[in-house]
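S.K.: The following block contains the structure, expressed as structure tokens.
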Amino acid sequence: MSSIKKQGRKGVQTMKDSLNIQEDLESAEKWSYKELKEYLRQMEWNLKEDTRQQIQTVKEHFENELHRQIKEEVKHLYQEIEIIKKNKTIILEMKETINQIKNSIESITNRVEQVEARTSDNEDKIYHLEKSLANSERLVKNHEKNIQEIWDNIKKPNLRVIGIEEGTEIQTKGMSNLLKEIITENFPEIKKETDIQIVDAYRTPSTQNHSRPTPRHIVMKISNIQNKEKILKATRERRQITFRGKPIRLTTDFSSQTLKARRSWNNVFQTLKDNGCQPRILYPAKLSFRYDNEIKIFHDKQKLKEFAARKPALQSILSKTLHEEEMKNNNQNHQWEVPL
């Protein structure tokens with residue numbers, strides 16, 4: 001504000017000087033050369049002095065303004081530096097936090113890798129255990145099958161007689177006479193052609209249960225297997241076998257496993273029979289029936305299912321029976337499961 005006032009005063013002074021110069025010029029005609037020269041020299045000096053003062057004033061004003069702007073910029077720069085310092089501290093803290101997170105992630109990753117390694121080892125152990133278990137189950141099944149075959153071979157000469165009243169063998173004076181009486185009554189042609197000898201005979205089970213409503217079975221070991229087969233073949237052809245007028249049954253003496261396997265075909269056998277497929281149970285526990293004018297033989301139900309799946313007509317016959325048996329087996333398996 002003071003500089004503006006100074007410039008104002010200088011402007012007023014300049015106007016005054018201009019008026020004086022105008023007055024001096026009007027009276028210059030009266031001046032001598034020397035006076036005029038001195039006057040011009042004074043005017044030149046005044047002009048230079050005024051110019052110098054104006055330059056000095058502008059210079060001071062510029063310097064002051066520049067100093068003010070530099071001071072403001074320095075202040076602003078210091079503020080920016082402080083902000084940068086604060087940001088740097090925050091960045092360092094963030095960097096430290098990031099390093100901690102990185103270390104935690106590395107630690108977790110190492111633990112995960114260790115867990116994965118242990119899991120992989122456990123999976124390998126489980127795989128080997130399952131493989132070993134599968135091998136054991138296969139060995140057990142093969143062992144059971146071998147035992148079953150051994151028992152069937154042992155029992156192959158045996159003939160099982162069902163329906164003979166307790167004590168009848170005493171009346172006939174022995175099992176041999178009892179068998180001869182059965183053959184005489186039902187197969188006279190075999191009696192004429194063959195002399196059938198019994199190696200051993202007994203009731204099963206060995207002890208009698210008096211509360212049991214049906215008599216115990218009689219097992220007879222025939223000396224010649226071919227003679228036993230002749231009796232069974234004649235039994236199938238005759239269909240109805242009697243002893244002293246009462247119906248009895250003659251069957252092969254199978255092991256308990258083979259009997260179970262044969263009985264497992266009962267529902268399928270009855271379904272095929274009802275649909276005219278002429279089913280038979282072959283030795284030891286194979287299902288045979290006629291389909292598309294061919295004899296089909298199956299050792300287990302899985303093979304039968306696979307075959308029926310390719311034959312829509314047969315599948316429509318057996319689907320309900322096979323499904324019911326599958327549901328029954330699943331329910332039995334659930335009942336035998338041991339809760340953990």
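Ordering of the structure tokens sets the chain letters (A, B, ...); residue numbers start at 1 within each chain; ligands are numbered from 1 in the order shown.
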Excluding stretch 150-162 of chain A and its own-chain neighbours fewer than 3 positions away, which residues fall within 8 Å of it when counting only C-alpha atoms? Please give them as a list in words.
M.R.: Asn146, Ile147, Pro215, Arg216, His217, Ile218, Val219, Met220, Lys221, Ile222, Ser223, Asn224, Ile225, Lys228, Ile248, Arg249, Leu250, Thr251, Thr252, Asp253, Phe254, Ser255, Thr258 and Pro284 of chain A
S.K.: Using backbone DSSP assignments, extract all strand (DSSP E) residues from stretch 216-335 of chain A; output them as a ChimeraX atom specification.
M.R.: /A:217-222,241-243,246-252,280-282,286-291,294-298
S.K.: How about saving the chosen residues, N, CA, C and O atoms kept, as a compact mmCIF listing (two decimals), in the first residue's frame?
M.R.:
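Result written to out_28.txt:
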# COMPACT_ATOMS: atom_id res chain seq x y z
N HIS A 217 -33.56 -135.30 8.31
CA HIS A 217 -33.20 -135.86 7.01
C HIS A 217 -32.29 -137.07 7.20
O HIS A 217 -31.59 -137.20 8.22
N ILE A 218 -32.28 -137.93 6.18
CA ILE A 218 -31.37 -139.08 6.18
C ILE A 218 -30.36 -138.87 5.06
O ILE A 218 -30.73 -138.57 3.91
N VAL A 219 -29.07 -138.98 5.39
CA VAL A 219 -28.00 -138.88 4.40
C VAL A 219 -27.43 -140.26 4.17
O VAL A 219 -26.99 -140.94 5.12
N MET A 220 -27.45 -140.71 2.89
CA MET A 220 -26.93 -142.03 2.52
C MET A 220 -25.78 -141.86 1.55
O MET A 220 -25.92 -141.19 0.51
N LYS A 221 -24.63 -142.43 1.89
CA LYS A 221 -23.47 -142.39 1.01
C LYS A 221 -23.48 -143.63 0.12
O LYS A 221 -23.32 -144.75 0.61
N ILE A 222 -23.68 -143.41 -1.19
CA ILE A 222 -23.78 -144.50 -2.16
C ILE A 222 -22.38 -144.86 -2.63
O ILE A 222 -21.56 -143.97 -2.91
N ILE A 241 -42.28 -138.89 -5.62
CA ILE A 241 -41.66 -140.05 -4.99
C ILE A 241 -42.40 -140.31 -3.68
O ILE A 241 -42.72 -139.38 -2.93
N THR A 242 -42.65 -141.61 -3.41
CA THR A 242 -43.39 -141.97 -2.19
C THR A 242 -42.64 -143.07 -1.43
O THR A 242 -41.78 -143.77 -1.98
N PHE A 243 -42.99 -143.16 -0.15
CA PHE A 243 -42.52 -144.28 0.69
C PHE A 243 -43.72 -144.75 1.49
O PHE A 243 -44.26 -143.99 2.31
N LYS A 246 -46.67 -142.42 1.19
CA LYS A 246 -46.52 -141.03 1.62
C LYS A 246 -45.42 -140.35 0.80
O LYS A 246 -44.38 -140.96 0.54
N PRO A 247 -45.64 -139.08 0.40
CA PRO A 247 -44.63 -138.39 -0.42
C PRO A 247 -43.35 -138.12 0.35
O PRO A 247 -43.38 -137.73 1.52
N ILE A 248 -42.24 -138.34 -0.33
CA ILE A 248 -40.92 -138.02 0.21
C ILE A 248 -40.12 -137.32 -0.89
O ILE A 248 -40.57 -137.20 -2.04
N ARG A 249 -38.90 -136.86 -0.54
CA ARG A 249 -38.02 -136.22 -1.54
C ARG A 249 -36.66 -136.86 -1.50
O ARG A 249 -36.14 -137.19 -0.42
N LEU A 250 -36.06 -136.98 -2.71
CA LEU A 250 -34.68 -137.45 -2.85
C LEU A 250 -33.88 -136.35 -3.55
O LEU A 250 -34.24 -135.91 -4.64
N THR A 251 -32.81 -135.87 -2.89
CA THR A 251 -31.99 -134.79 -3.47
C THR A 251 -30.51 -135.10 -3.26
O THR A 251 -30.14 -135.99 -2.47
N THR A 252 -29.70 -134.33 -3.94
CA THR A 252 -28.25 -134.40 -3.70
C THR A 252 -27.95 -133.77 -2.35
O THR A 252 -28.59 -132.80 -1.94
N ARG A 280 -34.04 -124.61 -14.56
CA ARG A 280 -33.49 -125.74 -13.79
C ARG A 280 -32.31 -125.24 -12.98
O ARG A 280 -31.62 -124.28 -13.39
N ILE A 281 -32.06 -125.88 -11.85
CA ILE A 281 -30.88 -125.59 -11.05
C ILE A 281 -29.88 -126.70 -11.30
O ILE A 281 -30.12 -127.86 -10.92
N LEU A 282 -28.78 -126.39 -11.94
CA LEU A 282 -27.75 -127.38 -12.27
C LEU A 282 -26.74 -127.47 -11.14
O LEU A 282 -26.61 -126.58 -10.30
N LYS A 286 -26.02 -123.60 -10.38
CA LYS A 286 -26.13 -122.80 -11.60
C LYS A 286 -27.58 -122.78 -12.07
O LYS A 286 -28.29 -123.79 -11.96
N LEU A 287 -27.99 -121.61 -12.57
CA LEU A 287 -29.35 -121.46 -13.10
C LEU A 287 -29.33 -121.71 -14.60
O LEU A 287 -28.52 -121.13 -15.33
N SER A 288 -30.25 -122.55 -15.05
CA SER A 288 -30.39 -122.85 -16.48
C SER A 288 -31.84 -122.60 -16.88
O SER A 288 -32.76 -122.95 -16.14
N PHE A 289 -32.04 -121.95 -18.05
CA PHE A 289 -33.40 -121.76 -18.57
C PHE A 289 -33.33 -121.57 -20.09
O PHE A 289 -32.27 -121.29 -20.66
N ARG A 290 -34.50 -121.71 -20.70
CA ARG A 290 -34.58 -121.59 -22.16
C ARG A 290 -35.04 -120.17 -22.53
O ARG A 290 -36.03 -119.68 -22.02
N TYR A 291 -34.28 -119.56 -23.46
CA TYR A 291 -34.64 -118.23 -23.94
C TYR A 291 -34.22 -118.10 -25.40
O TYR A 291 -33.07 -118.43 -25.75
N GLU A 294 -32.76 -121.16 -26.96
CA GLU A 294 -31.41 -121.55 -26.54
C GLU A 294 -31.40 -121.76 -25.03
O GLU A 294 -32.17 -121.13 -24.31
N ILE A 295 -30.50 -122.66 -24.58
CA ILE A 295 -30.34 -122.89 -23.15
C ILE A 295 -29.29 -121.92 -22.61
O ILE A 295 -28.14 -121.92 -23.07
N LYS A 296 -29.67 -121.09 -21.67
CA LYS A 296 -28.76 -120.12 -21.05
C LYS A 296 -28.42 -120.59 -19.64
O LYS A 296 -29.30 -121.03 -18.89
N ILE A 297 -27.13 -120.50 -19.28
CA ILE A 297 -26.66 -120.95 -17.97
C ILE A 297 -25.92 -119.80 -17.29
O ILE A 297 -25.06 -119.16 -17.91
N PHE A 298 -26.23 -119.55 -16.01
CA PHE A 298 -25.62 -118.45 -15.27
C PHE A 298 -25.15 -118.94 -13.91
O PHE A 298 -25.88 -119.64 -13.21
S.K.: Give me, please, the distance in Å between atom CA of A:Met175 and atom CA of A:Gln240, quoted to one decimal.
M.R.: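 Computed distance, atom CA of A:Met175 to atom CA of A:Gln240, equals 21.2 Å.
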S.K.: Can you pull out every residue within 12 Å of A:Glu166, counting only C-alpha atoms, but drop anything in the same chain fewer than 4 positions away, and send it as a CSV table (one decimal) with all heavy atoms, in the first residue's frame?
M.R.:
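Output contents, as saved in selection-v2.csv:
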chain,number,residue,atom,x,y,z
A,162,ILE,N,-35.6,-137.0,2.4
A,162,ILE,CA,-36.4,-136.1,3.2
A,162,ILE,C,-37.8,-136.6,3.3
A,162,ILE,O,-38.5,-136.9,2.3
A,162,ILE,CB,-36.4,-134.7,2.6
A,162,ILE,CG1,-35.0,-134.2,2.4
A,162,ILE,CG2,-37.2,-133.7,3.4
A,162,ILE,CD1,-34.9,-132.9,1.6
A,170,ILE,N,-35.4,-148.4,11.8
A,170,ILE,CA,-35.4,-149.6,12.7
A,170,ILE,C,-36.4,-150.6,12.2
A,170,ILE,O,-36.1,-151.8,12.3
A,170,ILE,CB,-35.8,-149.1,14.2
A,170,ILE,CG1,-34.7,-148.1,14.6
A,170,ILE,CG2,-35.9,-150.3,15.1
A,170,ILE,CD1,-35.0,-147.4,16.0
A,171,GLN,N,-37.6,-150.1,11.8
A,171,GLN,CA,-38.6,-151.1,11.3
A,171,GLN,C,-38.1,-151.8,10.1
A,171,GLN,O,-38.4,-153.0,9.9
A,171,GLN,CB,-39.9,-150.3,10.9
A,171,GLN,CG,-40.5,-149.6,12.1
A,171,GLN,CD,-41.7,-148.7,11.6
A,171,GLN,OE1,-42.1,-148.8,10.5
A,171,GLN,NE2,-42.3,-147.9,12.5
A,172,THR,N,-37.3,-151.1,9.2
A,172,THR,CA,-36.8,-151.8,8.0
A,172,THR,C,-35.5,-152.6,8.2
A,172,THR,O,-34.9,-153.1,7.3
A,172,THR,CB,-36.6,-150.8,6.9
A,172,THR,OG1,-35.6,-149.8,7.3
A,172,THR,CG2,-37.9,-150.1,6.5
A,202,TYR,N,-26.9,-141.9,7.9
A,202,TYR,CA,-27.2,-141.4,9.2
A,202,TYR,C,-28.2,-140.3,9.1
A,202,TYR,O,-28.5,-139.7,8.0
A,202,TYR,CB,-25.9,-140.8,9.8
A,202,TYR,CG,-25.2,-139.8,8.9
A,202,TYR,CD1,-25.5,-138.4,8.9
A,202,TYR,CD2,-24.2,-140.2,8.0
A,202,TYR,CE1,-24.9,-137.5,8.1
A,202,TYR,CE2,-23.6,-139.3,7.2
A,202,TYR,CZ,-23.9,-138.0,7.2
A,202,TYR,OH,-23.3,-137.1,6.4
A,203,ARG,N,-28.8,-140.0,10.3
A,203,ARG,CA,-29.8,-138.9,10.4
A,203,ARG,C,-29.0,-137.6,10.6
A,203,ARG,O,-27.9,-137.6,11.3
A,203,ARG,CB,-30.7,-139.1,11.5
A,203,ARG,CG,-31.7,-140.2,11.3
A,203,ARG,CD,-33.0,-139.7,10.7
A,203,ARG,NE,-34.0,-140.8,10.6
A,203,ARG,CZ,-35.2,-140.6,10.1
A,203,ARG,NH1,-35.6,-139.4,9.7
A,203,ARG,NH2,-36.1,-141.6,10.1
A,204,THR,N,-29.5,-136.4,10.1
A,204,THR,CA,-28.9,-135.1,10.4
A,204,THR,C,-30.0,-134.1,10.7
A,204,THR,O,-31.0,-134.1,10.0
A,204,THR,CB,-28.0,-134.7,9.2
A,204,THR,OG1,-27.4,-133.4,9.5
A,204,THR,CG2,-28.9,-134.5,7.9
A,207,THR,N,-28.6,-135.3,16.7
A,207,THR,CA,-29.5,-135.4,17.9
A,207,THR,C,-30.9,-135.0,17.5
A,207,THR,O,-31.1,-134.0,16.7
A,207,THR,CB,-29.0,-134.6,19.1
A,207,THR,OG1,-28.9,-133.2,18.6
A,207,THR,CG2,-27.7,-135.1,19.6
A,208,GLN,N,-31.9,-135.7,18.0
A,208,GLN,CA,-33.3,-135.4,17.6
A,208,GLN,C,-33.9,-134.4,18.5
A,208,GLN,O,-33.7,-134.4,19.7
A,208,GLN,CB,-34.1,-136.7,17.7
A,208,GLN,CG,-35.6,-136.5,17.3
A,208,GLN,CD,-36.4,-137.8,17.4
A,208,GLN,OE1,-35.8,-138.9,17.8
A,208,GLN,NE2,-37.7,-137.8,17.0
A,209,ASN,N,-34.6,-133.4,17.9
A,209,ASN,CA,-35.3,-132.4,18.6
A,209,ASN,C,-36.8,-132.7,18.6
A,209,ASN,O,-37.4,-132.6,17.5
A,209,ASN,CB,-35.0,-131.0,17.9
A,209,ASN,CG,-35.7,-129.8,18.7
A,209,ASN,OD1,-36.3,-130.1,19.7
A,209,ASN,ND2,-35.5,-128.6,18.2
A,210,HIS,N,-37.3,-133.1,19.7
A,210,HIS,CA,-38.7,-133.6,19.8
A,210,HIS,C,-39.7,-132.5,19.5
A,210,HIS,O,-40.9,-132.8,19.2
A,210,HIS,CB,-38.9,-134.3,21.1
A,210,HIS,CG,-38.1,-135.6,21.3
A,210,HIS,ND1,-38.4,-136.8,20.7
A,210,HIS,CD2,-37.0,-135.8,22.0
A,210,HIS,CE1,-37.5,-137.7,21.0
A,210,HIS,NE2,-36.6,-137.1,21.9
A,212,ARG,N,-39.4,-130.4,17.1
A,212,ARG,CA,-39.4,-130.2,15.7
A,212,ARG,C,-40.5,-130.9,15.0
A,212,ARG,O,-40.7,-132.2,15.2
A,212,ARG,CB,-38.0,-130.6,15.1
A,212,ARG,CG,-37.9,-130.4,13.6
A,212,ARG,CD,-36.5,-130.7,13.2
A,212,ARG,NE,-36.4,-130.6,11.7
A,212,ARG,CZ,-35.2,-130.7,11.1
A,212,ARG,NH1,-34.1,-131.0,11.8
A,212,ARG,NH2,-35.2,-130.6,9.8
A,213,PRO,N,-41.4,-130.3,14.2
A,213,PRO,CA,-42.5,-130.9,13.7
A,213,PRO,C,-42.2,-131.9,12.5
A,213,PRO,O,-43.0,-132.8,12.2
A,213,PRO,CB,-43.4,-129.8,13.1
A,213,PRO,CG,-42.4,-128.7,12.8
A,213,PRO,CD,-41.3,-128.8,13.9
A,214,THR,N,-41.1,-131.7,11.9
A,214,THR,CA,-40.7,-132.6,10.8
A,214,THR,C,-39.6,-133.5,11.1
A,214,THR,O,-38.7,-133.1,12.0
A,214,THR,CB,-40.3,-131.7,9.5
A,214,THR,OG1,-39.2,-130.9,9.9
A,214,THR,CG2,-41.5,-130.9,9.1
A,215,PRO,N,-39.5,-134.7,10.5
A,215,PRO,CA,-38.4,-135.6,10.8
A,215,PRO,C,-37.1,-135.1,10.3
A,215,PRO,O,-37.0,-134.4,9.3
A,215,PRO,CB,-38.9,-136.9,10.2
A,215,PRO,CG,-39.8,-136.5,9.1
A,215,PRO,CD,-40.5,-135.3,9.6
A,216,ARG,N,-36.0,-135.7,10.9
A,216,ARG,CA,-34.7,-135.3,10.4
A,216,ARG,C,-34.4,-136.0,9.1
A,216,ARG,O,-35.0,-137.0,8.7
A,216,ARG,CB,-33.7,-135.8,11.4
A,216,ARG,CG,-33.7,-135.0,12.8
A,216,ARG,CD,-32.7,-135.7,13.7
A,216,ARG,NE,-33.1,-137.0,14.1
A,216,ARG,CZ,-32.3,-137.9,14.7
A,216,ARG,NH1,-31.0,-137.6,15.0
A,216,ARG,NH2,-32.8,-139.1,15.0
A,217,HIS,N,-33.6,-135.3,8.3
A,217,HIS,CA,-33.2,-135.9,7.0
A,217,HIS,C,-32.3,-137.1,7.2
A,217,HIS,O,-31.6,-137.2,8.2
A,217,HIS,CB,-32.5,-134.8,6.2
A,217,HIS,CG,-33.3,-133.6,5.8
A,217,HIS,ND1,-32.9,-132.6,5.1
A,217,HIS,CD2,-34.6,-133.3,6.2
A,217,HIS,CE1,-33.8,-131.7,4.9
A,217,HIS,NE2,-34.9,-132.1,5.6
A,218,ILE,N,-32.3,-137.9,6.2
A,218,ILE,CA,-31.4,-139.1,6.2
A,218,ILE,C,-30.4,-138.9,5.1
A,218,ILE,O,-30.7,-138.6,3.9
A,218,ILE,CB,-32.1,-140.4,5.9
A,218,ILE,CG1,-33.1,-140.6,7.1
A,218,ILE,CG2,-31.2,-141.6,5.8
A,218,ILE,CD1,-34.0,-141.9,6.9
S.K.: At what distance in Å, to one decimal, does atom CA of A:Asp195 lie from atom CA of A:Glu181?
M.R.: 13.0 Å
S.K.: How would you write, as a ChimeraX atom specification, the set of residues in stretch 76-295 of chain A that DSSP gives as alpha helix (DSSP H)?
M.R.: /A:76-155,168-171,175-186,188-193,225-238,256-263,266-274
